[in-house]
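Asker: Here you go, target.cif (mmCIF, C-alpha atoms):
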data_structure
loop_
_atom_site.label_atom_id
_atom_site.label_comp_id
_atom_site.auth_asym_id
_atom_site.auth_seq_id
_atom_site.Cartn_x
_atom_site.Cartn_y
_atom_site.Cartn_z
CA MET D 13 9.55 28.01 -34.43
CA VAL D 14 8.09 27.79 -37.92
CA GLU D 15 6.95 30.97 -39.66
CA LYS D 16 3.31 30.38 -40.61
CA VAL D 17 3.03 31.93 -44.06
CA PHE D 18 -0.49 30.49 -44.40
CA TRP D 19 -1.59 33.26 -42.02
CA THR D 20 -0.13 36.16 -43.97
CA ASN D 21 -0.85 34.71 -47.43
CA PRO D 22 -3.40 31.86 -47.35
CA TYR D 23 -3.63 31.95 -51.16
CA LEU D 24 0.00 30.87 -51.64
CA THR D 25 0.28 27.28 -52.94
CA GLU D 26 4.05 26.85 -53.38
CA LEU D 27 6.96 27.79 -51.13
CA ASN D 28 10.68 27.11 -50.95
CA THR D 29 11.73 26.48 -47.38
CA ARG D 30 14.44 24.77 -45.31
CA VAL D 31 14.36 21.70 -43.04
CA THR D 32 15.06 22.70 -39.41
CA SER D 33 14.80 19.26 -37.78
CA ALA D 34 14.52 15.64 -38.92
CA ASN D 35 13.59 12.75 -36.64
CA GLY D 36 12.72 9.60 -38.52
CA ASP D 37 9.74 10.37 -40.73
CA ASP D 38 9.04 13.64 -38.88
CA ILE D 39 10.44 16.99 -39.94
CA THR D 40 10.01 20.66 -39.15
CA VAL D 41 10.66 23.53 -41.51
CA GLU D 42 11.66 27.20 -41.42
CA GLN D 43 8.52 28.53 -43.12
CA THR D 44 5.28 26.82 -44.06
CA ILE D 45 2.12 27.22 -46.13
CA PHE D 46 0.86 23.79 -44.97
CA TYR D 47 -1.91 24.17 -42.37
CA ALA D 48 -2.13 21.57 -39.59
CA PHE D 49 -5.44 20.42 -38.08
CA SER D 50 -6.62 22.95 -35.53
CA GLY D 51 -9.88 24.46 -34.32
CA GLY D 52 -11.88 21.86 -36.22
CA GLN D 53 -10.32 22.74 -39.60
CA GLU D 54 -8.68 19.76 -41.28
CA SER D 55 -5.05 19.82 -42.43
CA ASP D 56 -4.02 20.69 -45.93
CA SER D 57 -2.76 17.95 -48.23
CA GLY D 58 0.40 18.27 -50.29
CA MET D 59 4.10 17.53 -50.56
CA ILE D 60 7.41 18.61 -49.03
CA GLY D 61 10.60 17.97 -50.98
CA GLY D 62 8.71 15.72 -53.39
CA PHE D 63 7.35 13.50 -50.59
CA SER D 64 3.70 13.27 -49.57
CA VAL D 65 2.78 14.63 -46.16
CA LYS D 66 1.01 11.84 -44.27
CA GLN D 67 0.21 13.95 -41.20
CA ALA D 68 0.57 17.55 -40.03
CA ARG D 69 0.20 18.19 -36.32
CA LYS D 70 0.70 21.10 -33.98
CA ASP D 71 3.17 20.92 -31.09
CA GLY D 72 2.76 24.18 -29.20
CA GLN D 73 3.55 26.83 -31.79
CA GLU D 74 5.58 24.38 -33.88
CA ILE D 75 4.19 22.17 -36.66
CA ILE D 76 5.51 18.64 -37.20
CA TYR D 77 5.12 17.04 -40.62
CA THR D 78 5.23 13.27 -41.03
CA LEU D 79 6.43 12.33 -44.51
CA GLU D 80 6.57 9.10 -46.48
CA GLU D 81 9.00 6.57 -45.05
CA GLY D 82 12.54 6.89 -46.37
CA HIS D 83 12.44 10.55 -47.37
CA GLY D 84 16.09 11.04 -46.39
CA LEU D 85 15.77 14.77 -45.71
CA LYS D 86 18.31 16.35 -43.38
CA VAL D 87 18.58 19.58 -41.41
CA GLY D 88 19.49 22.43 -43.74
CA ASN D 89 18.07 20.86 -46.91
CA GLN D 90 16.23 23.29 -49.15
CA VAL D 91 12.82 21.86 -50.07
CA ALA D 92 9.83 22.86 -52.17
CA MET D 93 6.48 22.74 -50.38
CA THR D 94 3.22 22.50 -52.35
CA ILE D 95 -0.39 22.21 -51.24
CA ASP D 96 -3.58 21.04 -52.94
CA TRP D 97 -5.22 24.39 -53.72
CA ASN D 98 -8.68 23.02 -54.50
CA ARG D 99 -8.81 21.41 -51.08
CA ARG D 100 -7.39 24.48 -49.30
CA TYR D 101 -9.82 26.87 -50.96
CA ARG D 102 -12.87 24.76 -50.14
CA LEU D 103 -11.68 24.49 -46.53
CA MET D 104 -11.30 28.28 -46.40
CA ARG D 105 -14.77 28.83 -47.86
CA LEU D 106 -16.43 26.27 -45.60
CA HIS D 107 -14.53 27.57 -42.59
CA PHE D 108 -15.83 31.09 -43.04
CA ALA D 109 -19.32 29.85 -43.88
CA ALA D 110 -19.30 27.99 -40.55
CA GLU D 111 -18.02 31.09 -38.74
CA VAL D 112 -20.88 33.18 -40.14
CA ILE D 113 -23.50 30.59 -39.20
CA LEU D 114 -22.04 30.26 -35.70
CA GLU D 115 -22.02 34.02 -35.12
CA LEU D 116 -25.62 34.33 -36.30
CA ALA D 117 -26.65 31.51 -33.97
CA TYR D 118 -24.91 33.22 -31.04
CA LYS D 119 -26.50 36.58 -31.85
CA HIS D 120 -30.08 35.37 -32.32
CA LEU D 121 -30.54 32.10 -30.37
CA GLU D 122 -30.25 33.11 -26.74
CA GLY D 123 -28.42 30.58 -24.57
CA ILE D 124 -27.19 28.38 -27.41
CA GLU D 125 -23.85 26.67 -26.74
CA LYS D 126 -21.37 25.26 -29.26
CA ILE D 127 -20.03 21.84 -28.25
CA GLY D 128 -18.15 20.83 -31.39
CA ALA D 129 -17.18 21.73 -34.94
CA HIS D 130 -15.44 20.20 -37.92
CA ILE D 131 -14.47 21.63 -41.31
CA ALA D 132 -13.75 19.11 -44.06
CA GLN D 133 -13.54 19.47 -47.83
CA ASP D 134 -17.11 18.32 -48.50
CA LYS D 135 -18.94 20.07 -45.66
CA ALA D 136 -18.64 21.80 -42.31
CA ARG D 137 -20.61 21.03 -39.19
CA ILE D 138 -21.32 22.74 -35.90
CA ASP D 139 -22.78 20.93 -32.89
CA PHE D 140 -24.84 22.75 -30.27
CA LEU D 141 -26.58 22.24 -27.00
CA TRP D 142 -30.07 23.45 -27.92
CA HIS D 143 -33.54 22.64 -26.69
CA GLU D 144 -35.52 22.64 -29.95
CA ASN D 145 -35.28 21.69 -33.63
CA ILE D 146 -32.67 24.14 -34.87
CA SER D 147 -33.94 23.99 -38.45
CA GLN D 148 -36.79 26.26 -37.31
CA SER D 149 -34.16 29.04 -37.34
CA PHE D 150 -32.79 28.20 -40.79
CA PRO D 151 -34.91 30.68 -42.80
CA PHE D 152 -33.62 33.57 -40.70
CA ILE D 153 -30.00 32.32 -40.53
CA GLU D 154 -29.89 31.64 -44.27
CA LYS D 155 -31.34 35.06 -45.06
CA GLU D 156 -28.87 36.90 -42.82
CA SER D 157 -25.86 34.89 -44.01
CA ARG D 158 -26.83 35.55 -47.62
CA LYS D 159 -26.83 39.31 -46.93
CA ILE D 160 -23.29 39.14 -45.54
CA ILE D 161 -22.00 37.00 -48.40
CA GLU D 162 -23.66 38.99 -51.17
CA ALA D 163 -22.34 42.26 -49.71
CA ASN D 164 -18.82 40.94 -50.48
CA LEU D 165 -17.36 42.59 -47.39
CA ASP D 166 -13.67 42.70 -46.50
CA ILE D 167 -12.46 40.04 -44.08
CA VAL D 168 -9.57 41.32 -41.95
CA SER D 169 -7.31 38.63 -40.48
CA ALA D 170 -4.50 39.71 -38.15
CA PHE D 171 -2.64 39.11 -34.89
CA SER D 172 -4.18 40.06 -31.57
CA ASP D 173 -1.03 38.74 -29.81
CA GLU D 174 1.81 37.99 -32.22
CA GLU D 175 4.22 36.68 -29.57
CA ASN D 176 1.79 33.94 -28.57
CA GLY D 177 0.43 33.32 -32.08
CA ARG D 178 -3.10 34.52 -31.34
CA ARG D 179 -5.11 35.76 -34.30
CA TYR D 180 -8.60 36.92 -35.18
CA TRP D 181 -10.84 37.63 -38.15
CA GLU D 182 -13.12 40.63 -38.40
CA VAL D 183 -15.90 41.83 -40.66
CA LYS D 184 -16.69 45.39 -39.66
CA GLY D 185 -20.27 45.83 -38.57
CA PHE D 186 -20.70 42.08 -38.05
CA SER D 187 -18.16 40.43 -35.73
CA ARG D 188 -14.57 40.12 -34.56
CA VAL D 189 -13.69 36.54 -33.57
CA PRO D 190 -10.48 34.91 -32.22
CA CYS D 191 -9.35 32.34 -34.79
CA GLY D 192 -6.08 30.89 -36.08
CA GLY D 193 -7.41 29.35 -39.28
CA THR D 194 -6.89 30.33 -42.91
CA HIS D 195 -9.25 33.08 -44.07
CA LEU D 196 -10.72 34.48 -47.24
CA LYS D 197 -10.24 38.10 -48.30
CA LYS D 198 -13.92 38.74 -49.09
CA THR D 199 -17.20 37.32 -47.80
CA GLY D 200 -18.46 36.90 -51.38
CA GLU D 201 -15.94 34.12 -52.00
CA VAL D 202 -18.05 31.77 -49.86
CA GLY D 203 -20.77 31.45 -52.51
CA GLU D 204 -24.14 29.86 -51.93
CA ILE D 205 -24.70 28.19 -48.56
CA LYS D 206 -27.10 25.34 -47.83
CA LEU D 207 -27.92 24.12 -44.33
CA LYS D 208 -29.07 20.72 -43.11
CA ARG D 209 -30.19 19.78 -39.62
CA ASN D 210 -29.08 16.60 -37.88
CA ASN D 211 -30.37 15.58 -34.46
CA ILE D 212 -27.42 13.98 -32.63
CA GLY D 213 -29.06 13.28 -29.29
CA LYS D 214 -31.45 14.71 -26.74
CA GLY D 215 -30.82 18.41 -26.33
CA LYS D 216 -28.15 18.34 -29.04
CA GLU D 217 -28.46 19.75 -32.55
CA ARG D 218 -26.08 19.72 -35.52
CA ILE D 219 -26.00 22.15 -38.43
CA GLU D 220 -24.30 20.75 -41.54
CA ILE D 221 -23.09 23.41 -43.96
CA TYR D 222 -22.62 22.92 -47.69
CA ILE D 223 -21.34 25.31 -50.37
CA SER D 224 -21.54 25.39 -54.15
CA GLU D 225 -18.65 24.07 -56.24
#
Mind converting the file's structure to structure tokens?

Answerer:
Amino acid sequence: MVEKVFWTNPYLTELNTRVTSANGDDITVEQTIFYAFSGGQESDSGMIGGFSVKQARKDGQEIIYTLEEGHGLKVGNQVAMTIDWNRRYRLMRLHFAAEVILELAYKHLEGIEKIGAHIAQDKARIDFLWHENISQSFPFIEKESRKIIEANLDIVSAFSDEENGRRYWEVKGFSRVPCGGTHLKKTGEVGEIKLKRNNIGKGKERIEIYISE
């Protein structure tokens, strides 16, 4: 099973690793900094052994990387792995911004239910079952999220169950949440948040989340 270095050091952008399996265009590696789509957070982009990664997907606790056709890599090959840092960092910032907004919604909008989420490089979104225009709550949510971000609090990210790969993030005094994504060190890294409401159907509300460059 691959060692997920992106959990212990999500700020690392280059890594030397070893190919542990090769099946056509698909490979696995010994260690990785390359996050695969999970929990609504999109995959990183980057290269392994000088070849572009076309897809990264989870298979249990393993991660399978699909490379460009004809890569020729074999089991045991040493390879350099690199990721697009600008993309990774925006995903990390938007991911935590979405986590803060979601926690504030849970804490202050009684009965609200999350039904979907997606974190991309340009924006994050969270979909809810909710009975009214959710933008009515934006002034409060924006004010409370700004307090957390401007306080520049520590974000702890660790294993709750290492054997089964279960992790969490925690900001003391705010929340502790199960999550296997890549996380910032400080809340202040998020920067300015802007929210937009999108009605996606009767009884369904979407919050779109944007951050500064």

Asker: Enumerate, as a PyMOL selection string, the residues matched when the PyMOL selection byres ((chain D and resi 107) around 12) is run on the file above.

Answerer: chain D and resi 50-54+99-106+108-114+129-138+181+191-196+199+201-202+205+220-223

Asker: Hey, which of D:Ile124, D:Val189, D:Ala117, D:Leu207 ends up closest to Glu154 (chain D)? Count all atoms listed in the file.

Answerer: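 Under the stated criterion, the closest residue is D:Leu207.
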
Asker: So how far away is CA of Ala48 (chain D) from CA of Leu85 (chain D), in Å?

Answerer: 20.1 Å

Asker: Restricting the calculation to all atoms listed in the file: of D:Asp56, D:Lys197, D:Gly61, D:Asp96, which residue gets closest to Leu79 (chain D)?

Answerer: D:Gly61

Asker: Hey, which of D:Asn89, D:Asn98, D:Thr20, D:Asn35 ends up closest to Ser57 (chain D)? Count all atoms listed in the file.

Answerer: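 Of D:Asn89, D:Asn98, D:Thr20, D:Asn35, the one nearest Ser57 (chain D), counting all atoms listed in the file, is D:Asn98.
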
Asker: In Å, rounded to a single decimal, give me how far CA of Gln90 (chain D) is from CA of Leu24 (chain D).

Answerer: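 Interatomic distance here is 18.1 Å.
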
Asker: Run the PyMOL selection byres ((chain D and resi 87) around 6) mentally over the shown coordinates, then write out the matched residues as a list in words, using the chain letters and numbers from the document.

Answerer: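 Output from the PyMOL selection byres ((chain D and resi 87) around 6), applied to this file: Val31, Thr32, Ser33, Lys86, Gly88 and Asn89 of chain D.
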
Asker: What residues come out when you apply the PyMOL selection byres ((chain D and resi 123) around 12) to this file, written as a list of chain:residue names?

Answerer: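 Against this file, the PyMOL selection byres ((chain D and resi 123) around 12) returns the residues D:Ala117, D:Tyr118, D:Lys119, D:His120, D:Leu121, D:Glu122, D:Ile124, D:Glu125, D:Lys126, D:Phe140, D:Leu141, D:Trp142, D:His143, D:Glu144.
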
Asker: Tell me, as number ranges by chain, which residues lie within 12 Å of Gly72 (chain D), counting only C-alpha atoms; anything in the same chain fewer than 2 positions away does not count.

Answerer: D: 13-14, 48, 50, 69-70, 74-76, 176-177

Asker: Just need the box for region 59-73 of chain D, edges along x, y and z, holding every atom the file lists for it with 5 Å tacked onto each side, so centre and edge lengths in Å to one decimal, as JSON.

Answerer:
{"center_x": 5.4, "center_y": 19.3, "center_z": -41.3, "size_x": 20.4, "size_y": 25.0, "size_z": 34.2}

Asker: In Å to one decimal, how far is CA of Thr29 (chain D) from CA of Gln43 (chain D)?

Answerer: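 Atom-to-atom, CA of Gln43 (chain D) to CA of Thr29 (chain D), that is 5.7 Å.
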
Asker: Got a sec: who's within 9 Å of Arg158 (chain D), counting all atoms listed in the file, leaving out chain neighbours fewer than 3 positions off, as a PyMOL selection string?

Answerer: chain D and resi 153-155+161-163+203-205

Asker: Between D:Val17, D:Ala68, D:Met93, D:Ile146, single out the one closest to Asp37 (chain D), counting all atoms listed in the file.

Answerer: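 Among the listed residues, the smallest separation from Asp37 (chain D) belongs to D:Ala68.
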
Asker: Hey, can you pull every residue with an atom no more than 10 Å from (7.8, 16.9, -50.4), using all atoms listed in the file, and send it as a ChimeraX atom specification?

Answerer: /D:58-65,79-80,83,85,91-95

Asker: Write a file of the selected residues as a short mmCIF file (atom, residue, chain, number, x, y, z; two decimals), keeping the file's coordinate frame, keeping C-alpha atoms.

Answerer:
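Contents of the output file out-v2.cif:
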data_model
loop_
_atom_site.label_atom_id
_atom_site.label_comp_id
_atom_site.auth_asym_id
_atom_site.auth_seq_id
_atom_site.Cartn_x
_atom_site.Cartn_y
_atom_site.Cartn_z
CA GLY D 58 0.40 18.27 -50.29
CA MET D 59 4.10 17.53 -50.56
CA ILE D 60 7.41 18.61 -49.03
CA GLY D 61 10.60 17.97 -50.98
CA GLY D 62 8.71 15.72 -53.39
CA PHE D 63 7.35 13.50 -50.59
CA SER D 64 3.70 13.27 -49.57
CA VAL D 65 2.78 14.63 -46.16
CA LEU D 79 6.43 12.33 -44.51
CA GLU D 80 6.57 9.10 -46.48
CA HIS D 83 12.44 10.55 -47.37
CA LEU D 85 15.77 14.77 -45.71
CA VAL D 91 12.82 21.86 -50.07
CA ALA D 92 9.83 22.86 -52.17
CA MET D 93 6.48 22.74 -50.38
CA THR D 94 3.22 22.50 -52.35
CA ILE D 95 -0.39 22.21 -51.24
#

Asker: At a cut-off of 9 Å, using all atoms listed in the file, what residues contact Gly36 (chain D)? Leave out same-chain residues fewer than 6 positions from it and give the result as a ChimeraX atom specification.

Answerer: /D:78,81-84
